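Below you'll find the structure, written out as structure tokens, and then a few comments.
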Amino acid sequence: MLTMNIRFDAAQIAKAFGELQQEHPNVMAQAINDTAREIKDAQVAEMRSTFDNPTAFTLRALRTTFANRTKLQAVVWLKDGTSRAHYLIPQIEGGNRPLKRFEEILVQAGLMRKNERAVPGAAAKLDAYGNMGRGQIVQILSQLQAFNLAGSDANATSSRRSKAKRSKVEYFVAHGGESRQGRGSWKHGDKMQHLRRGVWARYRFSAGSAVKPVLLFVNGTRYGKRFDFVGTAQRVIDARFKSHYEQRMQKQLAKLGLTAGGKGA
């Protein structure tokens, strides 16, 4: 008959398991944070796949709040995402695009309706990402005398320099058949009011002039759900959290001198 003598230090094992129980919240937090980092990376990849040439600003639009042992929750969401006006929320949830800052100024000036949105026209100067340059927007708002509503004194003046700029291109608002006179409107009767609602540019040449649309006012811009934010996050959680938890647990067991099977090392 074979006799086996097995010796073990029960007190040491009990101590190790006690330490494991104490450290388990840290293990969970680490696994959650590992998963959150992968979720953020996956969301950036989803943006690149969903949007046409997204800007660096958009790709940096996410913020991660990490878990700790007392709060086992990590959050990956939009920076300033508590505001319903965040421009990416309609892409995630569907709905109307919120007003951009320059659109808010146009609305406050009475030049655009609140339910309208401004889309670039043929004369809009777009950057590599398809967005209007800030310089042209500033010039438009200045000429339309709209900046006083934004707390700025950058409106066009009667100075020689200001007049020289307007001699090359002059911006005005067409009201689409409505007879309206006033700030930013066409000042020479209603003969140009057959133009679509929006901001137009009048270009002057030695032989005459021409007008082109810069911004066209349209009734809202409603988006369907394009950016599958929730689905992307859930796929990462389903595929990766268990693996991250097991890896973090194995490291903790090794640190305490235990194996994953619970036997003495």
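Following the order of the structure tokens, chains are lettered A, B, ..., residues in each are numbered from 1, and ligands are numbered from 1.
Residues surrounding A:Thr64 within 9 Å are Ala36, Arg37, Lys40, Ala74, Val75, Val76, Trp77, Leu78 and Lys79 of chain A [only C-alpha atoms; sequence separation below 6 positions excluded].
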Query raised in the report: Using the chain letters and numbers from this document, which residues of stretch 83-158 of chain A does DSSP assign to strand (DSSP E), as a PyMOL selection string?
Result: chain A and resi 95-96+116-120
Restricted to N, CA, C and O atoms, what would the selected residues look like written as an mmCIF file, in the first residue's frame?
```cif
data_model
loop_
_atom_site.group_PDB
_atom_site.id
_atom_site.type_symbol
_atom_site.label_atom_id
_atom_site.label_comp_id
_atom_site.auth_asym_id
_atom_site.auth_seq_id
_atom_site.Cartn_x
_atom_site.Cartn_y
_atom_site.Cartn_z
ATOM 1 N N GLY A 95 -32.240 61.887 -35.657
ATOM 2 C CA GLY A 95 -32.896 63.147 -35.311
ATOM 3 C C GLY A 95 -32.260 64.322 -36.027
ATOM 4 O O GLY A 95 -31.359 64.168 -36.857
ATOM 5 N N ASN A 96 -32.720 65.520 -35.702
ATOM 6 C CA ASN A 96 -32.235 66.729 -36.352
ATOM 7 C C ASN A 96 -30.867 67.134 -35.825
ATOM 8 O O ASN A 96 -30.582 66.999 -34.636
ATOM 9 N N GLU A 116 -34.618 75.819 -39.583
ATOM 10 C CA GLU A 116 -33.785 75.650 -40.771
ATOM 11 C C GLU A 116 -32.337 75.343 -40.375
ATOM 12 O O GLU A 116 -31.907 75.602 -39.257
ATOM 13 N N ARG A 117 -31.603 74.811 -41.349
ATOM 14 C CA ARG A 117 -30.179 74.604 -41.198
ATOM 15 C C ARG A 117 -29.495 75.151 -42.444
ATOM 16 O O ARG A 117 -30.094 75.171 -43.531
ATOM 17 N N ALA A 118 -28.261 75.591 -42.302
ATOM 18 C CA ALA A 118 -27.512 76.160 -43.418
ATOM 19 C C ALA A 118 -26.575 75.100 -43.995
ATOM 20 O O ALA A 118 -25.759 74.530 -43.276
ATOM 21 N N VAL A 119 -26.710 74.824 -45.292
ATOM 22 C CA VAL A 119 -25.834 73.858 -45.956
ATOM 23 C C VAL A 119 -24.988 74.599 -46.984
ATOM 24 O O VAL A 119 -25.441 75.586 -47.571
ATOM 25 N N PRO A 120 -23.749 74.163 -47.208
ATOM 26 C CA PRO A 120 -22.860 74.887 -48.126
ATOM 27 C C PRO A 120 -23.403 74.931 -49.548
ATOM 28 O O PRO A 120 -23.959 73.963 -50.057
#
```
Report task. Kindly give the distance, in Å, that separates atom CA of A:Lys100 and atom CA of A:Lys114, rounded to a single decimal. Result -> 11.3 Å
Report task. Please return as a list of chain:residue names: the residues of stretch 82-136 of chain A that backbone DSSP assigns to helix (DSSP H, G or I). Result -> A:Ile89, A:Pro90, A:Gln91, A:Ile92, A:Glu93, A:Arg101, A:Phe102, A:Glu103, A:Glu104, A:Ile105, A:Leu106, A:Val107, A:Gln108, A:Arg134, A:Gly135, A:Gln136
Report summary line: Pairwise distance, atom CA of A:Leu141 with atom CA of A:Asn53, equals 27.5 Å
Report task. Work out how far atom CA of A:Glu104 is from atom CA of A:Ile92, in Å to one decimal. Result -> 22.6 Å
Requested in this report: Mind checking which residues fall within 10 Å of A:Ala123, counting only C-alpha atoms, ignoring those fewer than 3 positions away in the same chain, and posting them as JSON, numbers by chain?
Outcome: {"A": [120, 126, 199, 200, 201, 211, 212, 213, 214, 215]}
**Report entry** Residues within 7 Å of A:Ala233, only C-alpha atoms, excluding chain neighbours under 4 positions, as a PyMOL selection string
**Finding:** chain A and resi 39+229+237
Keeping only all heavy atoms, write the selected residues to a file as a PDB file, in the first residue's frame.
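For reference, result.pdb as written:
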```
ATOM      1  N   ILE A  39     -12.948  49.497 -26.140  1.00  0.00           N
ATOM      2  CA  ILE A  39     -14.192  50.077 -26.650  1.00  0.00           C
ATOM      3  C   ILE A  39     -13.895  51.416 -27.324  1.00  0.00           C
ATOM      4  O   ILE A  39     -14.399  51.693 -28.419  1.00  0.00           O
ATOM      5  CB  ILE A  39     -15.219  50.254 -25.515  1.00  0.00           C
ATOM      6  CG1 ILE A  39     -15.751  48.896 -25.072  1.00  0.00           C
ATOM      7  CG2 ILE A  39     -16.366  51.168 -25.953  1.00  0.00           C
ATOM      8  CD1 ILE A  39     -16.646  48.957 -23.851  1.00  0.00           C
ATOM      9  N   PHE A 229     -22.885  53.261 -32.101  1.00  0.00           N
ATOM     10  CA  PHE A 229     -22.089  53.409 -30.889  1.00  0.00           C
ATOM     11  C   PHE A 229     -22.385  52.290 -29.890  1.00  0.00           C
ATOM     12  O   PHE A 229     -21.475  51.623 -29.386  1.00  0.00           O
ATOM     13  CB  PHE A 229     -22.378  54.780 -30.261  1.00  0.00           C
ATOM     14  CG  PHE A 229     -21.497  55.130 -29.105  1.00  0.00           C
ATOM     15  CD1 PHE A 229     -20.342  55.869 -29.296  1.00  0.00           C
ATOM     16  CD2 PHE A 229     -21.826  54.725 -27.826  1.00  0.00           C
ATOM     17  CE1 PHE A 229     -19.523  56.189 -28.219  1.00  0.00           C
ATOM     18  CE2 PHE A 229     -21.013  55.036 -26.744  1.00  0.00           C
ATOM     19  CZ  PHE A 229     -19.860  55.769 -26.946  1.00  0.00           C
ATOM     20  N   ILE A 237     -17.521  44.302 -25.436  1.00  0.00           N
ATOM     21  CA  ILE A 237     -17.762  43.726 -24.109  1.00  0.00           C
ATOM     22  C   ILE A 237     -17.958  42.221 -24.199  1.00  0.00           C
ATOM     23  O   ILE A 237     -17.357  41.448 -23.441  1.00  0.00           O
ATOM     24  CB  ILE A 237     -19.002  44.386 -23.463  1.00  0.00           C
ATOM     25  CG1 ILE A 237     -18.716  45.861 -23.150  1.00  0.00           C
ATOM     26  CG2 ILE A 237     -19.396  43.646 -22.188  1.00  0.00           C
ATOM     27  CD1 ILE A 237     -19.934  46.648 -22.747  1.00  0.00           C
TER      28      ILE A 237
END
```
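Distance check against A:Asn33 using only C-alpha atoms: of A:Thr50, A:His244, A:Gln252, A:Ile89, the minimum falls on A:His244.
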Report task. Counting only C-alpha atoms, figure out which residue out of A:Glu46, A:Arg240, A:Thr58, A:Arg222 gets nearest to A:Pro90. Result ->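 Comparing A:Glu46, A:Arg240, A:Thr58, A:Arg222 against A:Pro90, the winner is A:Arg222.
Residue nearest A:Met112 within the list A:Phe217, A:Tyr171, A:Phe227, A:Tyr87: A:Phe217 [criterion: smallest interatomic distance, only C-alpha atoms].
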Query - Given only C-alpha atoms as the counted atoms, nearest of A:Asn115, A:Gly231, A:Glu246, A:Gly110 to A:Val173 - result: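 Counting only C-alpha atoms, the residue closest to A:Val173 is A:Gly110.
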Report task. Could you tell me which of A:Asp80, A:Thr232, A:Leu72, A:Gln21 comes closest to A:Ala45 if we count only C-alpha atoms? Result ->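 Result for the nearest residue to A:Ala45: A:Thr232.
Proximity of A:Met249, A:Ala128, A:Ala67, A:Leu88 to A:Tyr223, computed with only C-alpha atoms, is greatest for A:Leu88.
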Report task. Excluding A:Ser243 and any residue of its chain fewer than 4 positions from it, enumerate the residues within 12 Å of it, using only C-alpha atoms, and give them as a list in words. Result -> Met28, Gln30, Ala31, Ile32, Asp34, Thr35, Val236, Ile237, Asp238, Ala239, Gln247, Arg248, Met249 and Gln250 of chain A
